[in-house]
>>> print(open('my_file.cif').read())   # mmCIF, C-alpha atoms and all ligand atoms; chains and numbers go by the auth columns
data_input
loop_
_atom_site.group_PDB
_atom_site.id
_atom_site.type_symbol
_atom_site.label_atom_id
_atom_site.label_comp_id
_atom_site.label_asym_id
_atom_site.label_seq_id
_atom_site.Cartn_x
_atom_site.Cartn_y
_atom_site.Cartn_z
_atom_site.B_iso_or_equiv
_atom_site.auth_seq_id
_atom_site.auth_asym_id
ATOM 1 C CA MET A 1 -10.925 -12.461 67.107 0.00 1 A
ATOM 2 C CA LEU A 2 -10.032 -12.455 63.393 0.00 2 A
ATOM 3 C CA TRP A 3 -13.104 -14.561 62.594 0.00 3 A
ATOM 4 C CA GLU A 4 -15.304 -12.281 64.713 0.00 4 A
ATOM 5 C CA ASN A 5 -13.938 -9.187 62.935 0.00 5 A
ATOM 6 C CA LEU A 6 -14.515 -10.773 59.520 0.00 6 A
ATOM 7 C CA ARG A 7 -18.054 -11.696 60.506 0.00 7 A
ATOM 8 C CA LYS A 8 -18.672 -8.171 61.748 0.00 8 A
ATOM 9 C CA PHE A 9 -17.276 -6.689 58.526 0.00 9 A
ATOM 10 C CA PHE A 10 -19.347 -8.996 56.324 0.00 10 A
ATOM 11 C CA LEU A 11 -22.612 -8.349 58.160 0.00 11 A
ATOM 12 C CA SER A 12 -22.237 -4.600 58.606 0.00 12 A
ATOM 13 C CA LYS A 13 -20.369 -3.513 55.447 0.00 13 A
ATOM 14 C CA ILE A 14 -21.465 -6.092 52.866 0.00 14 A
ATOM 15 C CA LEU A 15 -24.958 -6.997 54.027 0.00 15 A
ATOM 16 C CA ARG A 16 -25.509 -3.583 55.677 0.00 16 A
ATOM 17 C CA ARG A 17 -26.968 -5.211 58.770 0.00 17 A
ATOM 18 C CA LYS A 18 -27.039 -3.420 62.102 0.00 18 A
ATOM 19 C CA TYR A 19 -27.914 -6.296 64.437 0.00 19 A
ATOM 20 C CA TYR A 20 -26.818 -9.821 65.285 0.00 20 A
ATOM 21 C CA ARG A 21 -29.730 -12.137 65.962 0.00 21 A
ATOM 22 C CA THR A 22 -29.020 -14.479 68.853 0.00 22 A
ATOM 23 C CA GLY A 23 -31.074 -16.968 70.869 0.00 23 A
ATOM 24 C CA LYS A 24 -33.922 -19.140 69.671 0.00 24 A
ATOM 25 C CA CYS A 25 -37.675 -19.290 69.575 0.00 25 A
ATOM 26 C CA LYS A 26 -39.477 -20.457 72.732 0.00 26 A
ATOM 27 C CA ALA A 27 -42.715 -20.944 70.793 0.00 27 A
ATOM 28 C CA CYS A 28 -44.706 -18.602 73.057 0.00 28 A
ATOM 29 C CA GLY A 29 -46.712 -17.288 70.082 0.00 29 A
ATOM 30 C CA LYS A 30 -46.633 -13.651 71.226 0.00 30 A
ATOM 31 C CA CYS A 31 -45.209 -12.310 67.959 0.00 31 A
ATOM 32 C CA CYS A 32 -48.236 -13.786 66.141 0.00 32 A
ATOM 33 C CA THR A 33 -50.650 -11.751 68.271 0.00 33 A
ATOM 34 C CA HIS A 34 -49.127 -8.295 67.699 0.00 34 A
ATOM 35 C CA ILE A 35 -48.197 -7.839 64.066 0.00 35 A
ATOM 36 C CA TYR A 36 -47.583 -4.690 62.018 0.00 36 A
ATOM 37 C CA VAL A 37 -47.661 -4.866 58.234 0.00 37 A
ATOM 38 C CA LYS A 38 -45.173 -2.868 56.215 0.00 38 A
ATOM 39 C CA HIS A 39 -46.102 -2.190 52.625 0.00 39 A
ATOM 40 C CA TYR A 40 -43.356 -0.529 50.571 0.00 40 A
ATOM 41 C CA LYS A 41 -42.146 2.289 52.822 0.00 41 A
ATOM 42 C CA HIS A 42 -45.021 2.667 55.221 0.00 42 A
ATOM 43 C CA VAL A 43 -46.711 0.683 57.960 0.00 43 A
ATOM 44 C CA LEU A 44 -50.371 0.066 57.233 0.00 44 A
ATOM 45 C CA ASN A 45 -52.765 2.192 59.237 0.00 45 A
ATOM 46 C CA ASP A 46 -55.798 2.100 56.994 0.00 46 A
ATOM 47 C CA GLU A 47 -58.154 -0.886 56.986 0.00 47 A
ATOM 48 C CA LYS A 48 -59.385 -0.127 53.450 0.00 48 A
ATOM 49 C CA GLU A 49 -55.817 -0.338 52.126 0.00 49 A
ATOM 50 C CA PHE A 50 -55.358 -3.608 53.986 0.00 50 A
ATOM 51 C CA GLU A 51 -58.498 -5.083 52.401 0.00 51 A
ATOM 52 C CA LYS A 52 -57.016 -4.452 48.950 0.00 52 A
ATOM 53 C CA LEU A 53 -53.677 -6.014 49.943 0.00 53 A
ATOM 54 C CA GLN A 54 -55.321 -9.260 50.967 0.00 54 A
ATOM 55 C CA PHE A 55 -55.457 -10.219 47.300 0.00 55 A
ATOM 56 C CA LEU A 56 -51.701 -9.765 46.940 0.00 56 A
ATOM 57 C CA HIS A 57 -50.254 -12.175 49.488 0.00 57 A
ATOM 58 C CA LYS A 58 -51.697 -15.237 51.173 0.00 58 A
ATOM 59 C CA PHE A 59 -50.141 -14.251 54.501 0.00 59 A
ATOM 60 C CA TYR A 60 -52.434 -11.210 54.657 0.00 60 A
ATOM 61 C CA THR A 61 -55.510 -13.433 54.488 0.00 61 A
ATOM 62 C CA TYR A 62 -54.474 -14.962 57.823 0.00 62 A
ATOM 63 C CA LEU A 63 -54.523 -11.617 59.623 0.00 63 A
ATOM 64 C CA LYS A 64 -57.272 -9.953 61.607 0.00 64 A
ATOM 65 C CA VAL A 65 -57.187 -6.336 62.776 0.00 65 A
ATOM 66 C CA ILE A 66 -57.251 -6.136 66.585 0.00 66 A
ATOM 67 C CA GLY A 67 -56.302 -2.517 67.168 0.00 67 A
ATOM 68 C CA LYS A 68 -54.266 0.477 66.146 0.00 68 A
ATOM 69 C CA ASP A 69 -51.517 2.515 67.806 0.00 69 A
ATOM 70 C CA GLU A 70 -49.037 5.244 66.886 0.00 70 A
ATOM 71 C CA VAL A 71 -47.104 2.775 64.673 0.00 71 A
ATOM 72 C CA GLY A 72 -50.100 1.504 62.673 0.00 72 A
ATOM 73 C CA LEU A 73 -52.761 -1.181 62.537 0.00 73 A
ATOM 74 C CA ILE A 74 -52.175 -4.132 64.867 0.00 74 A
ATOM 75 C CA PHE A 75 -53.055 -7.594 63.606 0.00 75 A
ATOM 76 C CA GLU A 76 -53.182 -11.059 65.060 0.00 76 A
ATOM 77 C CA CYS A 77 -52.824 -14.194 63.022 0.00 77 A
ATOM 78 C CA GLN A 78 -55.801 -16.509 62.891 0.00 78 A
ATOM 79 C CA ASN A 79 -53.526 -19.528 62.497 0.00 79 A
ATOM 80 C CA LEU A 80 -52.382 -19.296 66.093 0.00 80 A
ATOM 81 C CA ASP A 81 -54.054 -21.906 68.282 0.00 81 A
ATOM 82 C CA ALA A 82 -55.568 -19.966 71.200 0.00 82 A
ATOM 83 C CA GLU A 83 -55.021 -22.829 73.664 0.00 83 A
ATOM 84 C CA THR A 84 -51.588 -24.192 72.771 0.00 84 A
ATOM 85 C CA HIS A 85 -50.187 -20.881 71.386 0.00 85 A
ATOM 86 C CA HIS A 86 -48.699 -22.902 68.545 0.00 86 A
ATOM 87 C CA CYS A 87 -49.018 -22.222 64.842 0.00 87 A
ATOM 88 C CA LYS A 88 -51.637 -24.450 63.248 0.00 88 A
ATOM 89 C CA ILE A 89 -49.770 -24.420 59.918 0.00 89 A
ATOM 90 C CA HIS A 90 -46.248 -24.566 61.355 0.00 90 A
ATOM 91 C CA LYS A 91 -44.864 -26.902 58.656 0.00 91 A
ATOM 92 C CA PHE A 92 -46.317 -24.749 55.895 0.00 92 A
ATOM 93 C CA ARG A 93 -45.964 -21.309 57.481 0.00 93 A
ATOM 94 C CA PRO A 94 -44.923 -18.541 55.090 0.00 94 A
ATOM 95 C CA GLY A 95 -41.346 -17.345 54.626 0.00 95 A
ATOM 96 C CA ILE A 96 -42.014 -14.132 56.529 0.00 96 A
ATOM 97 C CA CYS A 97 -42.737 -16.225 59.654 0.00 97 A
ATOM 98 C CA ARG A 98 -39.694 -18.461 59.103 0.00 98 A
ATOM 99 C CA ARG A 99 -37.389 -15.435 58.890 0.00 99 A
ATOM 100 C CA TYR A 100 -38.802 -13.672 61.982 0.00 100 A
ATOM 101 C CA PRO A 101 -37.351 -11.660 63.667 0.00 101 A
ATOM 102 C CA GLN A 102 -35.524 -9.517 61.128 0.00 102 A
ATOM 103 C CA GLU A 103 -34.068 -6.128 61.934 0.00 103 A
ATOM 104 C CA GLU A 104 -36.596 -4.441 59.649 0.00 104 A
ATOM 105 C CA LEU A 105 -38.894 -4.833 62.648 0.00 105 A
ATOM 106 C CA PHE A 106 -37.139 -1.906 64.347 0.00 106 A
ATOM 107 C CA SER A 107 -37.341 0.357 61.302 0.00 107 A
ATOM 108 C CA MET A 108 -41.125 -0.117 61.467 0.00 108 A
ATOM 109 C CA GLY A 109 -41.207 1.017 65.098 0.00 109 A
ATOM 110 C CA GLY A 110 -41.769 -2.527 66.362 0.00 110 A
ATOM 111 C CA ALA A 111 -39.886 -4.437 69.037 0.00 111 A
ATOM 112 C CA LEU A 112 -39.415 -7.966 70.301 0.00 112 A
ATOM 113 C CA SER A 113 -41.694 -9.006 73.130 0.00 113 A
ATOM 114 C CA ASP A 114 -39.955 -8.810 76.533 0.00 114 A
ATOM 115 C CA ASP A 115 -39.695 -12.554 76.956 0.00 115 A
ATOM 116 C CA CYS A 116 -38.957 -13.437 73.332 0.00 116 A
ATOM 117 C CA GLY A 117 -36.228 -16.091 73.100 0.00 117 A
ATOM 118 C CA TYR A 118 -34.398 -14.029 70.480 0.00 118 A
ATOM 119 C CA LYS A 119 -32.229 -11.004 71.126 0.00 119 A
ATOM 120 C CA MET A 120 -31.136 -8.432 68.562 0.00 120 A
ATOM 121 C CA GLU A 121 -27.755 -7.006 69.517 0.00 121 A
ATOM 122 C CA PRO A 122 -26.009 -4.131 67.714 0.00 122 A
ATOM 123 C CA ILE A 123 -23.127 -5.346 65.514 0.00 123 A
ATOM 124 C CA ILE A 124 -21.298 -2.077 66.100 0.00 124 A
ATOM 125 C CA SER A 125 -21.463 -1.206 69.789 0.00 125 A
ATOM 126 C CA PHE A 126 -22.313 2.278 71.072 0.00 126 A
ATOM 127 C CA GLY A 127 -18.685 2.639 72.261 0.00 127 A
ATOM 128 C CA GLU A 128 -17.372 1.909 68.761 0.00 128 A
ATOM 129 C CA VAL A 129 -19.762 4.436 67.167 0.00 129 A
ATOM 130 C CA LEU A 130 -18.664 7.064 69.699 0.00 130 A
ATOM 131 C CA ALA A 131 -14.963 6.364 69.080 0.00 131 A
ATOM 132 C CA SER A 132 -15.492 6.601 65.313 0.00 132 A
ATOM 133 C CA GLU A 133 -17.338 9.943 65.617 0.00 133 A
ATOM 134 C CA LYS A 134 -14.583 11.322 67.896 0.00 134 A
ATOM 135 C CA LYS A 135 -11.983 10.283 65.319 0.00 135 A
ATOM 136 C CA LYS A 136 -13.912 12.032 62.518 0.00 136 A
ATOM 137 C CA LEU A 137 -14.157 15.222 64.620 0.00 137 A
ATOM 138 C CA LYS A 138 -10.427 15.085 65.354 0.00 138 A
ATOM 139 C CA ASN A 139 -9.613 14.734 61.650 0.00 139 A
ATOM 140 C CA LEU A 140 -11.722 17.803 60.858 0.00 140 A
ATOM 141 C CA ARG A 141 -9.684 20.026 63.169 0.00 141 A
HETATM 142 S S1 LIG B . -48.749 -18.314 60.146 0.00 201 A
HETATM 143 FE FE1 LIG B . -48.188 -19.240 62.094 0.00 201 A
HETATM 144 S S2 LIG B . -46.104 -18.455 62.533 0.00 201 A
HETATM 145 FE FE2 LIG B . -47.027 -17.141 60.952 0.00 201 A
HETATM 146 S S3 LIG B . -47.944 -15.425 62.085 0.00 201 A
HETATM 147 FE FE3 LIG B . -49.547 -17.010 61.773 0.00 201 A
HETATM 148 S S4 LIG B . -49.505 -18.264 63.612 0.00 201 A
HETATM 149 FE FE4 LIG B . -47.596 -17.085 63.556 0.00 201 A
HETATM 150 S S1 LIG B . -42.199 -13.946 70.518 0.00 202 A
HETATM 151 FE FE1 LIG B . -40.144 -14.794 70.167 0.00 202 A
HETATM 152 S S2 LIG B . -40.063 -16.685 71.385 0.00 202 A
HETATM 153 FE FE2 LIG B . -42.245 -16.118 71.155 0.00 202 A
HETATM 154 S S3 LIG B . -42.932 -17.253 69.326 0.00 202 A
HETATM 155 FE FE3 LIG B . -42.286 -15.206 68.645 0.00 202 A
HETATM 156 S S4 LIG B . -40.128 -15.485 68.029 0.00 202 A
HETATM 157 FE FE4 LIG B . -40.694 -17.263 69.305 0.00 202 A
#
>>> encode(input="my_file.cif", output="structure tokens")
Amino acid sequence: MLWENLRKFFLSKILRRKYYRTGKCKACGKCCTHIYVKHYKHVLNDEKEFEKLQFLHKFYTYLKVIGKDEVGLIFECQNLDAETHHCKIHKFRPGICRRYPQEELFSMGGALSDDCGYKMEPIISFGEVLASEKKKLKNLR
């Protein structure tokens, strides 16, 4: 319990994280077929802007626009093998792929695919948030 509380404190108060990442990758490849790109504070929704960004980071040169929704442009990665659903450059894949999924995904309006092997669980549960808000209200009275 003490260790769990320390872990919770470190992640939420020091690292300012909101989620624990649990589980592991099942190598289904789905996250490589539905990608949003965040640049500074916005999600890309303009193909012209994306064309300019391709000179900035090698990862962008792997991407192909396949659609657009209310979040932004949707890309798929051309390094994904269409038959095996495995990454063709797995050993040399960029850091952004190695770190996936990060909680920034949610701030962009994205989500994990339904059958992704990872789960992102809130560090502070809804019950704890509610209790804390009730306490604050009580102290105001
Ligand atoms: S480089 Fe590989 S792991 Fe990264 S998005 Fe492309 S296919 Fe997926
Ligand atoms: S969607 Fe999840 S399980 Fe599938 S490849 Fe991506 S991280 Fe792995």
>>> closest_residue(input="my_file.cif", among="A:Asp115, A:Glu76, A:Glu128, A:Glu83", to="ligand LIG 201 (chain A)", atoms="only C-alpha atoms and all ligand atoms")
A:Glu76
>>> residues_near_ligand(input="my_file.cif", ligand="ligand LIG 202 (chain A)", cutoff="7 Å", atoms="all atoms listed in the file", output="VMD selection string")
chain A and resid 24 to 32 100 to 101 112 to 113 115 to 118
>>> residues_around(input="my_file.cif", residues="Tyr40 (chain A)", least_positions_apart="5", cutoff="12 Å", atoms="all atoms listed in the file", output="PyMOL selection string")
chain A and resi 53+104+108
>>> write_last_selection(input="my_file.cif", atoms="C-alpha atoms", output="PDB file, in the coordinates of the input")
ATOM      1  CA  LEU A  53     -53.677  -6.014  49.943  1.00  0.00           C
ATOM      2  CA  GLU A 104     -36.596  -4.441  59.649  1.00  0.00           C
ATOM      3  CA  MET A 108     -41.125  -0.117  61.467  1.00  0.00           C
TER       4      MET A 108
END
>>> closest_residue(input="my_file.cif", among="A:Gly23, A:Gly72, A:Gly67, A:Gly95", to="ligand LIG 201 (chain A)", atoms="all atoms listed in the file")
A:Gly95
>>> residues_near_ligand(input="my_file.cif", ligand="ligand LIG 201 (chain A)", cutoff="8 Å", atoms="all atoms listed in the file", output="VMD selection string")
chain A and resid 29 31 to 33 35 59 62 to 63 76 to 81 86 to 90 93 to 94 96 to 98
>>> resolve_selection(input="my_file.cif", expression="the PyMOL selection byres (((chain A and resi 120) around 7) and not hetatm)", output="ChimeraX atom specification")
/A:19-22,118-119,121-122
>>> atom_distance(input="my_file.cif", atom1="CA of Lys48 (chain A)", atom2="CA of Ile74 (chain A)")
14.1 Å
>>> atom_distance(input="my_file.cif", atom1="CA of Arg16 (chain A)", atom2="CA of Lys136 (chain A)")
20.6 Å
>>> atom_distance(input="my_file.cif", atom1="CA of Leu105 (chain A)", atom2="CA of Tyr36 (chain A)")
8.7 Å
>>> axis_aligned_box(input="my_file.cif", around="region 13-32 of chain A", padding_each_side="6 Å", output="lines of an AutoDock Vina configuration file")
center_x = -34.3
center_y = -12.2
center_z = 63.0
size_x = 39.9
size_y = 29.5
size_z = 32.2
>>> closest_residue(input="my_file.cif", among="A:Leu6, A:Leu44, A:Ala82, A:Leu130", to="Val65 (chain A)", atoms="all atoms listed in the file")
A:Leu44
